[in-house]
Amino acid sequence: MATEDARYRDSSQYRLWSFSPTQLSALRDKTNAAARARISERLLSHPLPASTTAAATSKQDLSAPTSHANTPDPDGNSTPALPEFLTPAEELTLVGYYTSEILRASEALHYADEIKATAAMFLKRFYITNSIMTYPPAEMFFVALFFACKVDTGHVNLAEYTKIFNKSAEEILAGEFLLCQGLRFAFDVKHPYRALRGAMMELASLEDMKRDLKRLDEAEAKARRVLQFSPLMTDAYFHYTPSQIMLAALSLADRGLAERLIQETFHFVPMEGNEGDGGGGDGKGNEEKARVIGSQIRDKVLGAIEGCRDMLSRELPERKEHWLNKQVIKTQITPLRKKLLKCKDPERWNLVELQKVRREQAAKKMDSDDEDDFGGRDGKKAKKEEDGDIFGGDLGHSAKKRKVSVKKEEDPFGGAMVKKEDLFGVKVKKEEDSSFGGFGGAL
């Protein structure tokens, strides 16, 4: 039977969405650089009018001067000036802000913890390989929250959902396939909530802890509050397993309980002459137990938990107010949003229009492929004549031929019943159809 670790390593969360800090930073830098190059090329090819950008800025109540005015070059030619792009750190700040908005909206709608966490991780995963300069985070966070409800079986009516957020169904659905692509169609997100409940049950089974259940209840409540916010606002899900995140949150809530749980789990100390279960008396059982629950692996786990604990402590639940503080939003978030509106991708920012264009392109491609395969309409006719009909000739023609042949040939079912003798040699008269009486004569 596979161990818990082996099963986790088979999950898409580990295979696709687990990184070291260096790997994750490099991936974000690469995404940012690719977006800058792509948007620069599009802006130089099709510069946006200043009035268009100003209208977009005004629409979102972020009035700021645009930076698409033409600037003369030394040769006297007019070239559009490129805007100042967001840095990877600035993108990460905005992703954090919109993640907090997802959590705030989920709490207002009383969604389950799993739905809130899944939606937050969908948004964070999406913006690892996609820049927020390419696809609008203010739209994608609504899409991520709605799609998380589907994934975690929290049925939400689309009409009601759009009414709550004053959105159209088209705006929500336009970004769903983009989100699925960004998630690499891996929708499974493993959370630490069940691990916390199991850990508390394990602690409650200890004799000395049975007399201090109040402490356990308080620690569980505090650890759950940490899990509902801190891992989702940091990169903990990308670096640590759910059980490590749970133990780190429990350590923040009650370090003594976390250490006790680890000690009870990794307690094995090999002794000479101690035969392990299944070891056959040769010491192999001891070695296996020491490898799995010995002091060496315990120290390694403790190191990982301490690292995760430090990460979670940067975004404790008390920091919720930080993301709602008007002064913070005014000085940190609003300037970045203004900057984002100037350097957005002109071809992909409007998700509804992007979906329409891609559908049209797909339809044209299908028509073009059909014509290429058969060489147009004339080619289709020639192809049919050359290959012949796979299922035979024309149905109408064959039916007529069959009708004529039936007239000329003998009836395959024999002649009329009045001309035949029955099984006993008695002839049946034409006038008296004994089989069908008043319903007519012969068949």
# chains A, B, ... in the order shown; residues from 1 in each chain; ligands from 1
>>> residues_around(residues="Glu259 in chain A", least_positions_apart="4", cutoff="12 Å", atoms="only C-alpha atoms", output="PyMOL selection string")
chain A and resi 199+203+247-248+250-255+263-267+298-299+301-302+305-306
>>> select_by_dssp(residues="range 305-357 of chain A", states="alpha helix (DSSP H)", output="PyMOL selection string")
chain A and resi 305-312+320-324+326-328+334-342+351-357
>>> residues_around(residues="Cys149 in chain A", least_positions_apart="6", cutoff="10 Å", atoms="only C-alpha atoms", output="PyMOL selection string")
chain A and resi 111-112+114-116+118-119+155-157
>>> write_last_selection(atoms="C-alpha atoms", output="PDB file, in the first residue's frame")
ATOM      1  CA  TYR A 111     -18.705  30.107   1.173  1.00  0.00           C
ATOM      2  CA  ALA A 112     -16.988  27.061   2.675  1.00  0.00           C
ATOM      3  CA  GLU A 114     -12.395  24.839   0.795  1.00  0.00           C
ATOM      4  CA  ILE A 115     -14.110  26.982  -1.850  1.00  0.00           C
ATOM      5  CA  LYS A 116     -12.390  30.143  -0.626  1.00  0.00           C
ATOM      6  CA  THR A 118      -9.483  26.820  -3.998  1.00  0.00           C
ATOM      7  CA  ALA A 119     -10.519  30.119  -5.606  1.00  0.00           C
ATOM      8  CA  HIS A 155     -23.504  24.843  -6.542  1.00  0.00           C
ATOM      9  CA  VAL A 156     -23.957  28.496  -7.468  1.00  0.00           C
ATOM     10  CA  ASN A 157     -26.562  29.698  -9.946  1.00  0.00           C
TER      11      ASN A 157
END
>>> closest_residue(among="A:Pro346, A:Pro242, A:Pro317, A:Gly256", to="Asp5 in chain A", atoms="only C-alpha atoms")
A:Pro242
>>> residues_around(residues="Gln181 in chain A", least_positions_apart="2", cutoff="12 Å", atoms="only C-alpha atoms", output="ChimeraX atom specification")
/A:122,125-127,129-130,175-179,183-187
>>> atom_distance(atom1="CA of Ser106 in chain A", atom2="CA of Glu160 in chain A")
14.6 Å
